[in-house]
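The data block below is query35.tsv; it holds TSV, C-alpha atoms.
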```tsv
chain	number	residue	atom	x	y	z
A	1	MET	CA	114.34	-31.51	78.63
A	2	TYR	CA	111.84	-34.11	79.80
A	3	PHE	CA	111.50	-37.85	80.14
A	4	TYR	CA	108.20	-39.10	78.74
A	5	LEU	CA	106.35	-42.40	78.87
A	6	LYS	CA	105.43	-43.82	75.51
A	7	ASN	CA	102.01	-45.03	76.70
A	8	PRO	CA	101.26	-43.32	80.03
A	9	LYS	CA	97.71	-44.67	80.33
A	10	GLN	CA	98.36	-48.40	79.90
A	11	ASN	CA	98.62	-50.85	82.83
A	12	ASN	CA	101.71	-52.71	81.65
A	13	GLU	CA	105.28	-51.43	81.50
A	14	THR	CA	105.91	-48.78	78.87
A	15	SER	CA	109.08	-47.31	77.35
A	16	ILE	CA	110.73	-44.14	78.66
A	17	TYR	CA	111.88	-41.55	76.10
A	18	LEU	CA	114.08	-38.51	76.44
A	19	ILE	CA	112.67	-35.53	74.53
A	20	HIS	CA	114.47	-32.20	74.16
A	21	TYR	CA	113.49	-29.25	71.97
A	22	LEU	CA	116.32	-28.00	69.72
A	23	LYS	CA	115.78	-24.33	68.98
A	24	ASP	CA	118.37	-24.33	66.17
A	25	GLU	CA	116.35	-26.91	64.21
A	26	GLY	CA	112.96	-26.02	65.63
A	27	LYS	CA	112.31	-29.70	66.29
A	28	ASN	CA	112.37	-32.21	69.14
A	29	PHE	CA	115.20	-34.64	69.68
A	30	LYS	CA	113.59	-37.91	70.77
A	31	TYR	CA	115.64	-40.85	72.04
A	32	SER	CA	114.66	-44.15	73.63
A	33	THR	CA	116.44	-44.76	76.93
A	34	GLY	CA	115.81	-48.48	76.68
A	35	GLN	CA	114.14	-48.39	80.11
A	36	LYS	CA	110.58	-49.44	80.89
A	37	ILE	CA	108.33	-48.74	83.85
A	38	GLN	CA	104.72	-49.19	84.92
A	39	PRO	CA	102.90	-45.82	84.76
A	40	ASN	CA	101.74	-46.16	88.38
A	41	ASN	CA	105.43	-46.15	89.43
A	42	TRP	CA	106.11	-42.92	87.51
A	43	ASP	CA	106.15	-39.42	89.03
A	44	PHE	CA	104.46	-37.41	86.25
A	45	GLU	CA	105.21	-34.06	87.89
A	46	ASN	CA	108.98	-34.58	88.21
A	47	ARG	CA	109.13	-36.92	85.20
A	48	LEU	CA	111.19	-39.52	87.05
A	49	PRO	CA	110.46	-42.85	88.74
A	50	LYS	CA	108.71	-42.55	92.11
A	51	THR	CA	110.75	-43.02	95.28
A	52	LEU	CA	109.44	-46.27	96.75
A	53	ARG	CA	110.46	-48.82	99.38
A	54	GLY	CA	111.23	-52.49	98.89
A	55	SER	CA	112.05	-54.25	95.61
A	56	LYS	CA	110.08	-51.71	93.54
A	57	GLY	CA	112.12	-48.94	95.10
A	58	VAL	CA	115.39	-50.68	94.17
A	59	LYS	CA	114.23	-51.07	90.57
A	60	ASN	CA	113.04	-47.47	90.40
A	61	ARG	CA	116.36	-46.17	91.73
A	62	HIS	CA	118.14	-48.28	89.13
A	63	ILE	CA	116.06	-46.70	86.34
A	64	ALA	CA	116.49	-43.20	87.79
A	65	ASP	CA	120.26	-43.64	87.89
A	66	ILE	CA	120.34	-44.55	84.21
A	67	LEU	CA	118.06	-41.62	83.28
A	68	LEU	CA	120.41	-39.32	85.17
A	69	GLN	CA	123.25	-40.43	82.90
A	70	TYR	CA	121.20	-39.45	79.86
A	71	ALA	CA	120.41	-36.07	81.40
A	72	GLU	CA	124.06	-35.43	82.29
A	73	LEU	CA	125.25	-36.28	78.79
A	74	LEU	CA	122.66	-33.97	77.24
A	75	GLU	CA	123.71	-31.14	79.59
A	76	GLU	CA	127.35	-31.68	78.61
A	77	GLU	CA	126.50	-31.38	74.91
A	78	ILE	CA	124.34	-28.27	75.47
A	79	LYS	CA	127.17	-26.52	77.35
A	80	LYS	CA	129.72	-27.58	74.74
A	81	SER	CA	127.47	-26.24	71.96
A	82	GLU	CA	127.08	-22.89	73.73
A	83	LYS	CA	130.80	-22.61	74.48
A	84	GLU	CA	131.82	-23.37	70.88
A	85	ASN	CA	128.88	-21.37	69.46
A	86	LYS	CA	127.82	-24.32	67.30
A	87	PRO	CA	124.24	-25.43	66.63
A	88	LEU	CA	123.08	-28.56	68.41
A	89	THR	CA	121.47	-30.97	65.95
A	90	ARG	CA	119.46	-34.17	66.24
A	91	ALA	CA	122.01	-36.04	64.10
A	92	HIS	CA	124.87	-35.01	66.39
A	93	LEU	CA	122.99	-35.93	69.56
A	94	LYS	CA	121.95	-39.30	68.15
A	95	ASP	CA	125.54	-40.09	67.28
A	96	ILE	CA	126.76	-39.07	70.76
A	97	PHE	CA	124.01	-41.00	72.55
A	98	ASP	CA	124.47	-44.10	70.39
A	99	ARG	CA	128.19	-44.17	71.11
A	100	ARG	CA	127.65	-43.79	74.84
A	101	PHE	CA	124.56	-45.91	75.37
A	102	LYS	CA	124.10	-48.31	72.47
A	103	ASN	CA	124.02	-51.88	73.78
A	104	LYS	CA	123.95	-50.46	77.34
A	105	LYS	CA	120.33	-49.36	77.56
A	106	THR	CA	119.16	-52.33	79.58
A	107	ALA	CA	121.69	-52.86	82.35
A	108	THR	CA	119.73	-55.50	84.22
A	109	SER	CA	122.20	-58.33	84.93
A	110	PHE	CA	124.85	-58.21	87.63
A	111	ILE	CA	127.64	-58.02	85.04
A	112	ASP	CA	125.78	-55.28	83.12
A	113	ILE	CA	125.64	-53.19	86.27
A	114	VAL	CA	129.37	-53.70	86.93
A	115	GLN	CA	129.95	-52.22	83.47
A	116	LEU	CA	127.48	-49.44	84.25
A	117	PHE	CA	129.51	-48.69	87.41
A	118	ILE	CA	132.70	-48.40	85.31
A	119	ASP	CA	131.02	-46.21	82.70
A	120	THR	CA	129.41	-43.97	85.32
A	121	LYS	CA	132.68	-43.42	87.17
A	122	ASN	CA	134.40	-42.56	83.90
A	123	MET	CA	131.83	-39.93	82.96
A	124	SER	CA	133.74	-37.34	84.99
A	125	GLY	CA	136.96	-38.19	83.14
A	126	GLY	CA	138.73	-38.47	86.48
A	127	LYS	CA	139.58	-42.18	86.56
A	128	SER	CA	143.08	-43.37	85.63
A	129	ALA	CA	144.05	-46.18	83.28
A	130	ASP	CA	145.15	-48.14	86.35
A	131	TRP	CA	141.69	-47.76	87.94
A	132	ASN	CA	140.01	-48.88	84.72
A	133	GLN	CA	142.29	-51.91	84.45
A	134	LYS	CA	141.44	-53.00	88.00
A	135	TYR	CA	137.69	-52.81	87.51
A	136	SER	CA	137.74	-54.23	83.98
A	137	ASN	CA	139.59	-57.18	85.47
A	138	LEU	CA	136.95	-57.40	88.23
A	139	LYS	CA	134.26	-57.69	85.56
A	140	LYS	CA	136.23	-60.37	83.67
A	141	LYS	CA	136.80	-62.41	86.82
A	142	LEU	CA	133.11	-62.26	87.73
A	143	GLU	CA	132.23	-63.41	84.20
A	144	LEU	CA	134.66	-66.33	84.57
A	145	PHE	CA	133.10	-67.14	87.95
A	146	GLU	CA	129.66	-67.24	86.32
A	147	LYS	CA	131.01	-69.63	83.68
A	148	TYR	CA	132.71	-71.75	86.35
A	149	ARG	CA	129.49	-72.09	88.37
A	150	GLY	CA	127.27	-72.44	85.32
A	151	LYS	CA	124.80	-69.78	86.46
A	152	LYS	CA	124.38	-66.02	86.47
A	153	ILE	CA	125.24	-63.96	89.55
A	154	GLN	CA	122.27	-62.32	91.24
A	155	PHE	CA	122.49	-59.59	93.87
A	156	ARG	CA	120.32	-61.63	96.21
A	157	GLN	CA	123.01	-64.35	96.19
A	158	ILE	CA	125.71	-62.04	97.60
A	159	ASN	CA	126.41	-63.20	101.16
A	160	GLU	CA	129.28	-64.72	103.15
A	161	ASP	CA	128.94	-68.05	101.33
A	162	PHE	CA	129.16	-66.30	97.95
A	163	ILE	CA	132.30	-64.37	99.01
A	164	ASP	CA	133.88	-67.61	100.26
A	165	ALA	CA	133.09	-69.39	96.99
A	166	TYR	CA	134.39	-66.48	94.90
A	167	SER	CA	137.57	-66.38	97.02
A	168	GLY	CA	138.11	-70.09	96.49
A	169	PHE	CA	137.70	-69.62	92.74
A	170	LEU	CA	140.27	-66.81	92.61
A	171	ARG	CA	142.76	-68.84	94.63
A	172	GLN	CA	142.85	-71.41	91.82
A	173	ILE	CA	142.03	-69.31	88.73
A	174	LYS	CA	144.24	-70.08	85.71
A	175	ASN	CA	142.49	-68.22	82.91
A	176	LYS	CA	144.98	-66.00	81.09
A	177	PRO	CA	146.08	-63.39	81.98
A	178	PHE	CA	145.02	-64.30	85.53
A	179	LYS	CA	147.04	-66.50	87.87
A	180	PRO	CA	145.98	-68.10	91.17
A	181	HIS	CA	145.65	-65.29	93.72
A	182	ASN	CA	147.68	-65.26	96.90
A	183	ASP	CA	145.86	-63.87	99.91
A	184	ASN	CA	147.24	-60.33	99.54
A	185	THR	CA	146.07	-60.10	95.93
A	186	LEU	CA	142.78	-61.76	96.86
A	187	HIS	CA	142.13	-59.37	99.76
A	188	ARG	CA	142.59	-56.43	97.39
A	189	ASN	CA	140.26	-57.95	94.76
A	190	ILE	CA	137.50	-58.65	97.28
A	191	ASN	CA	137.72	-54.98	98.27
A	192	PHE	CA	137.23	-54.01	94.61
A	193	LEU	CA	134.02	-56.05	94.61
A	194	PHE	CA	132.90	-54.34	97.85
A	195	THR	CA	133.57	-50.91	96.32
A	196	PHE	CA	131.18	-51.81	93.51
A	197	LEU	CA	128.58	-53.18	95.97
A	198	ILE	CA	128.71	-49.98	98.03
A	199	TRP	CA	128.20	-47.87	94.88
A	200	SER	CA	125.26	-49.99	93.75
A	201	HIS	CA	123.64	-50.23	97.19
A	202	GLY	CA	120.16	-48.72	97.26
A	203	LYS	CA	120.03	-48.48	93.48
A	204	TYR	CA	120.11	-52.17	92.61
A	205	HIS	CA	120.20	-54.09	95.90
A	206	ASN	CA	119.65	-53.82	99.66
A	207	ILE	CA	122.48	-56.09	100.84
A	208	ASP	CA	123.44	-55.47	104.47
A	209	MET	CA	126.96	-54.19	103.76
A	210	ASP	CA	127.71	-53.63	107.47
A	211	ASN	CA	127.64	-57.39	108.05
A	212	LEU	CA	129.43	-58.36	104.85
A	213	LYS	CA	133.14	-58.56	105.68
A	214	ASN	CA	136.24	-59.36	103.69
A	215	PRO	CA	137.17	-62.83	105.01
A	216	VAL	CA	140.68	-62.84	103.53
A	217	LYS	CA	143.53	-61.83	105.81
A	218	LYS	CA	146.61	-60.11	104.39
A	219	TYR	CA	150.12	-61.25	105.26
A	220	GLN	CA	153.49	-59.48	105.30
A	221	ALA	CA	154.83	-59.96	101.77
A	222	ASP	CA	158.51	-60.65	101.10
A	223	ASP	CA	158.93	-57.52	98.99
A	224	ILE	CA	162.44	-56.47	98.11
A	225	HIS	CA	164.46	-53.30	97.86
A	226	LEU	CA	167.87	-52.69	96.32
A	227	THR	CA	170.92	-51.96	98.44
A	228	LYS	CA	173.17	-48.92	97.91
A	229	GLU	CA	175.66	-51.17	96.15
A	230	GLU	CA	172.99	-52.57	93.82
A	231	VAL	CA	171.75	-49.06	92.94
A	232	ALA	CA	175.37	-48.10	92.17
A	233	ALA	CA	175.69	-51.18	89.94
A	234	LEU	CA	172.63	-50.05	87.97
A	235	GLU	CA	174.04	-46.55	87.63
A	236	GLU	CA	177.37	-47.78	86.32
A	237	ILE	CA	176.42	-50.67	84.04
A	238	GLU	CA	176.97	-50.22	80.29
A	239	LEU	CA	173.85	-51.39	78.47
A	240	PRO	CA	173.87	-52.70	74.89
A	241	ARG	CA	170.68	-50.97	73.71
A	242	GLU	CA	169.14	-47.54	74.14
A	243	SER	CA	165.78	-49.15	74.94
A	244	LEU	CA	167.31	-50.83	78.01
A	245	GLU	CA	169.06	-47.60	78.98
A	246	ARG	CA	165.71	-45.79	78.97
A	247	VAL	CA	164.19	-48.40	81.29
A	248	ARG	CA	167.20	-48.21	83.63
A	249	ASP	CA	166.96	-44.41	83.70
A	250	LEU	CA	163.24	-44.49	84.46
A	251	PHE	CA	163.80	-46.92	87.31
A	252	LEU	CA	166.56	-44.75	88.78
A	253	ILE	CA	164.29	-41.68	88.57
A	254	GLY	CA	161.89	-43.67	90.77
A	255	VAL	CA	164.73	-44.42	93.22
A	256	TYR	CA	165.88	-40.79	93.25
A	257	SER	CA	162.37	-39.33	93.69
A	258	GLY	CA	160.57	-41.95	95.78
A	259	GLN	CA	157.47	-41.67	93.60
A	260	ARG	CA	155.23	-44.19	91.88
A	261	TYR	CA	155.94	-44.74	88.19
A	262	SER	CA	152.52	-43.28	87.29
A	263	ASP	CA	153.58	-40.02	88.98
A	264	TYR	CA	157.23	-39.54	88.08
A	265	SER	CA	156.69	-40.55	84.43
A	266	VAL	CA	154.69	-37.33	84.00
A	267	PHE	CA	157.04	-34.89	85.75
A	268	GLU	CA	156.98	-31.46	84.08
A	269	LYS	CA	159.21	-28.40	84.36
A	270	ALA	CA	156.08	-26.54	85.40
A	271	ASP	CA	156.06	-28.67	88.58
A	272	VAL	CA	159.35	-27.11	89.71
A	273	ILE	CA	159.24	-24.34	92.31
A	274	GLY	CA	162.68	-23.21	93.39
A	275	ASN	CA	164.72	-26.40	93.72
A	276	MET	CA	161.70	-28.58	94.43
A	277	ILE	CA	159.29	-30.65	92.33
A	278	ILE	CA	155.81	-30.28	93.80
A	279	LYS	CA	153.43	-32.95	92.51
A	280	ARG	CA	150.03	-34.39	93.39
A	281	ALA	CA	149.90	-38.17	93.18
A	282	GLU	CA	147.52	-39.56	90.56
A	283	LYS	CA	146.42	-42.40	92.84
A	284	THR	CA	145.89	-40.56	96.14
A	285	GLU	CA	145.91	-36.82	95.30
A	286	ASN	CA	148.47	-36.42	98.11
A	287	GLU	CA	151.06	-33.69	97.51
A	288	SER	CA	154.78	-34.54	97.41
A	289	PHE	CA	157.74	-32.18	97.88
A	290	ILE	CA	160.58	-33.79	95.90
A	291	PRO	CA	164.06	-32.19	96.12
A	292	LEU	CA	165.49	-31.71	92.63
A	293	HIS	CA	168.94	-32.99	93.53
A	294	PRO	CA	171.72	-33.37	90.90
A	295	LYS	CA	171.19	-37.08	90.15
A	296	LEU	CA	167.46	-36.62	89.55
A	297	LYS	CA	167.91	-33.39	87.57
A	298	ARG	CA	170.57	-34.95	85.33
A	299	LEU	CA	168.24	-37.76	84.23
A	300	LEU	CA	165.23	-35.47	83.76
A	301	ASP	CA	167.33	-33.07	81.69
A	302	LYS	CA	168.68	-35.99	79.66
A	303	TYR	CA	165.15	-36.52	78.30
A	304	ASP	CA	164.27	-32.82	78.35
A	305	TRP	CA	161.63	-33.70	80.98
A	306	ASN	CA	159.72	-35.69	78.35
A	307	LEU	CA	160.18	-39.14	79.81
A	308	PRO	CA	159.58	-42.29	77.73
A	309	ARG	CA	156.22	-43.94	78.38
A	310	LEU	CA	156.24	-47.71	78.74
A	311	SER	CA	153.57	-50.22	79.57
A	312	ASP	CA	153.91	-51.77	83.01
A	313	MET	CA	154.42	-55.17	81.38
A	314	LYS	CA	157.38	-54.00	79.27
A	315	PHE	CA	158.89	-52.11	82.19
A	316	ARG	CA	158.75	-55.17	84.46
A	317	LYS	CA	160.24	-57.44	81.83
A	318	HIS	CA	163.15	-55.15	80.94
A	319	ILE	CA	164.08	-54.03	84.46
A	320	LYS	CA	164.42	-57.69	85.50
A	321	THR	CA	166.79	-58.24	82.56
A	322	ILE	CA	168.83	-55.14	83.42
A	323	CYS	CA	169.12	-56.10	87.09
A	324	SER	CA	170.28	-59.56	86.04
A	325	MET	CA	172.95	-57.98	83.82
A	326	ALA	CA	174.01	-55.85	86.80
A	327	GLY	CA	174.61	-58.98	88.87
A	328	ILE	CA	171.66	-58.53	91.22
A	329	ASP	CA	171.18	-62.25	91.72
A	330	GLU	CA	171.07	-62.88	95.47
A	331	GLU	CA	168.77	-65.81	96.34
A	332	ILE	CA	165.51	-64.58	97.90
A	333	LYS	CA	163.05	-66.73	99.82
A	334	GLU	CA	159.39	-65.88	99.26
A	335	THR	CA	156.54	-67.26	101.34
A	336	ILE	CA	153.03	-66.96	99.97
A	337	TYR	CA	149.68	-67.94	101.46
A	338	ARG	CA	146.48	-69.11	99.80
A	339	GLY	CA	143.97	-69.79	102.54
A	340	ASN	CA	145.35	-72.64	104.69
A	341	LYS	CA	148.07	-73.43	102.15
A	342	LYS	CA	151.61	-72.11	102.53
A	343	GLU	CA	154.07	-72.18	99.67
A	344	VAL	CA	157.78	-71.36	99.83
A	345	LEU	CA	159.50	-70.25	96.63
A	346	TYR	CA	163.09	-69.29	95.88
A	347	HIS	CA	163.99	-66.62	93.35
A	348	LYS	CA	166.97	-64.73	92.09
A	349	LYS	CA	166.58	-61.19	93.36
A	350	HIS	CA	166.36	-59.67	89.88
A	351	GLU	CA	163.30	-61.84	89.20
A	352	MET	CA	161.38	-60.00	91.94
A	353	VAL	CA	162.20	-56.44	90.83
A	354	SER	CA	159.25	-54.38	89.58
A	355	THR	CA	158.42	-50.72	88.98
A	356	HIS	CA	157.41	-50.38	92.64
A	357	THR	CA	160.80	-51.64	93.84
A	358	ALA	CA	162.23	-48.20	93.04
A	359	ARG	CA	159.89	-46.42	95.48
A	360	ARG	CA	160.50	-49.06	98.16
A	361	THR	CA	164.26	-48.71	97.63
A	362	PHE	CA	164.17	-44.96	98.18
A	363	ILE	CA	162.11	-45.27	101.38
A	364	THR	CA	164.27	-48.04	102.83
A	365	LEU	CA	167.61	-46.41	102.03
A	366	ALA	CA	166.39	-43.02	103.25
A	367	ALA	CA	165.33	-44.57	106.57
A	368	GLU	CA	168.64	-46.45	106.92
A	369	GLU	CA	170.52	-43.18	106.38
A	370	GLY	CA	168.58	-41.60	109.23
A	371	MET	CA	166.08	-39.46	107.33
A	372	PRO	CA	163.14	-38.72	109.68
A	373	ASP	CA	159.85	-40.43	108.86
A	374	HIS	CA	157.96	-37.14	108.50
A	375	ILE	CA	160.43	-36.00	105.82
A	376	ILE	CA	160.19	-39.31	103.94
A	377	MET	CA	156.40	-39.03	104.07
A	378	LYS	CA	156.45	-35.49	102.70
A	379	ILE	CA	158.72	-36.49	99.81
A	380	THR	CA	156.71	-39.59	98.92
A	381	GLY	CA	153.23	-38.19	99.59
A	382	ILE	CA	152.48	-40.91	102.16
A	383	ARG	CA	150.14	-39.72	104.93
A	384	ASP	CA	149.69	-42.81	107.08
A	385	PRO	CA	152.74	-43.91	109.15
A	386	LYS	CA	151.47	-47.52	108.92
A	387	THR	CA	151.72	-47.33	105.13
A	388	LEU	CA	155.29	-46.05	105.43
A	389	GLN	CA	156.26	-48.97	107.66
A	390	LYS	CA	155.07	-51.41	105.00
A	391	TYR	CA	157.53	-49.89	102.54
A	392	LYS	CA	160.56	-50.14	104.83
A	393	LYS	CA	162.50	-53.30	104.05
A	394	THR	CA	165.69	-53.77	106.06
A	395	SER	CA	168.31	-56.14	104.64
A	396	GLN	CA	170.37	-58.61	106.68
A	397	ARG	CA	173.48	-56.65	105.73
A	398	SER	CA	171.99	-53.40	107.11
A	399	VAL	CA	171.13	-55.11	110.39
A	400	THR	CA	174.63	-56.55	110.65
A	401	GLU	CA	176.29	-53.21	109.89
A	402	ALA	CA	174.09	-51.38	112.41
A	403	MET	CA	174.88	-53.98	115.09
A	404	ASN	CA	178.63	-53.75	114.39
A	405	ARG	CA	178.54	-49.96	114.71
A	406	LEU	CA	176.72	-50.32	118.02
A	407	MET	CA	179.15	-52.91	119.36
A	408	LYS	CA	182.10	-50.62	118.63
A	409	LYS	CA	180.52	-47.96	120.85
A	410	ILE	CA	179.80	-50.29	123.77
```

Output the file's structure in the form of structure tokens.
Amino acid sequence: MYFYLKNPKQNNETSIYLIHYLKDEGKNFKYSTGQKIQPNNWDFENRLPKTLRGSKGVKNRHIADILLQYAELLEEEIKKSEKENKPLTRAHLKDIFDRRFKNKKTATSFIDIVQLFIDTKNMSGGKSADWNQKYSNLKKKLELFEKYRGKKIQFRQINEDFIDAYSGFLRQIKNKPFKPHNDNTLHRNINFLFTFLIWSHGKYHNIDMDNLKNPVKKYQADDIHLTKEEVAALEEIELPRESLERVRDLFLIGVYSGQRYSDYSVFEKADVIGNMIIKRAEKTENESFIPLHPKLKRLLDKYDWNLPRLSDMKFRKHIKTICSMAGIDEEIKETIYRGNKKEVLYHKKHEMVSTHTARRTFITLAAEEGMPDHIIMKITGIRDPKTLQKYKKTSQRSVTEAMNRLMKKI
């Protein structure tokens, strides 16, 4: 397999083609990569762009990265053909290449390269739906920012002033489905942008990433957990529909296991060793040792370990309804920050319940019952003690009860 220049002797830019001989057909498969280069920037021996410094080097690395994607896809198809003992044809390769690369052959704009980043990361098949949602949303927000400013984003514009302007835009964004970002959400989204900039560094830009900092400070969010009494109320409530019962059961599995929804929703009997579920987290690859205690086992057996799959949106909507029906309606004060603006909101507790509340509830209740941190961390798959502390949410009632127990002993 080689990359060839269409007109290697001309002075102007010329197209780059992929050419591969197919022994089954006895003919060459020829495909335009959509990339162009000046022949004096081309390494004819290695059949790739030359490694250069400066702006030409950035452009050449950009082209080389795209050519590598073509080469990797061709290698995948060759191996698949050999494994399945099927002939590799020009028609098949054209179809595969068109589906992967059509309309993506000239990733030259900032937004194009964000999409190229997403596509490249997905080539291994190792990225989750959650990861894809985050970076698809990053792309959409950057497109909205371009529209808001009335001009295209250029890599050379990325500096502290750009990050400040982008942060200000996200603090007031109201384009569905996006809402104005508080500083915790904004901090996370700026880090998504930095992840992309680090990936693209050297290929498409030479931004000094060491001096480009996230200017947004996180604050301690008023996240909630359920008390023992509230968990009991969920366990005991009679629900009018099976669909609500399924959501309640899924939430309780999260409380009983201490896992993220993305992890416990795919529990399998094959994960059980002895009386323990051993699972690697989808998000972090950390291993969890989850005791298969009677409450957890009963719910998993109820669904024959084939748990219902729900979208996060449906889960959030229904669990709030169920918690309301269970009388979980304590008034909660929430303080949020957007830059120098502070906003205080008041909610009924059920309005703040989400899928993640289950995991936070397990961690908080386990800590209140005296379970050592290293055991909680092993069950939940959390490695950093600082992360664990963020999950612990002690209620006023727990503080009062602990103080009363202490006073009785004094």

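Nearest to Ala366 in chain A of all the residues A:Arg338, A:Lys228, A:Lys269, A:His293 is A:Lys228, based on all atoms listed in the file.
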
Query raised in the report: Hey, what's within 12 Å of Gly26 in chain A if we count all atoms listed in the file and toss same-chain stuff fewer than 6 positions away? As a PyMOL selection string, please?
Result: chain A and resi 20+87-90

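For the pair CA of Leu142 in chain A and CA of Tyr70 in chain A, the interatomic distance is 26.9 Å.
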
Query raised in the report: From the set A:Thr361, A:Lys342, A:Glu160, A:Ile278, which residue has the shortest atom-to-atom contact distance to Gly258 in chain A, counting all atoms listed in the file?
Result: A:Thr361

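Distances to Phe29 in chain A were evaluated for A:Leu138, A:Ala221, A:Ile78, A:Ala91 using all atoms listed in the file, and the minimum falls at A:Ala91.
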
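Atom pair CA of Gly254 in chain A / CA of Ala358 in chain A: separated by 5.1 Å.
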
**Report entry** Test item: residues at most 12 Å from range 111-114 of chain A, all atoms listed in the file, excluding those fewer than 3 positions along its chain, as a PyMOL selection string
**Finding:** chain A and resi 62-63+65-66+103-108+117-121+132+135-146+152-155+192-201+203-205

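One distance worth recording is that between CA of Arg156 in chain A and CA of Ile207 in chain A, which is 7.5 Å.
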
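In this comparison, which uses all atoms listed in the file, the residue of A:Leu67, A:Val58, A:Leu170, A:Ala270 approaching Ile16 in chain A most closely is A:Leu67.
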
Query raised in the report: Could you list as a list in words every residue that has an atom within 10 Å of (103.4, -49.5, 89.2), using the file's coordinates and counting all atoms listed in the file?
Result: Asn11, Asn12, Glu13, Ile37, Gln38, Pro39, Asn40, Asn41, Trp42, Pro49, Lys50, Lys56 and Asn60 of chain A
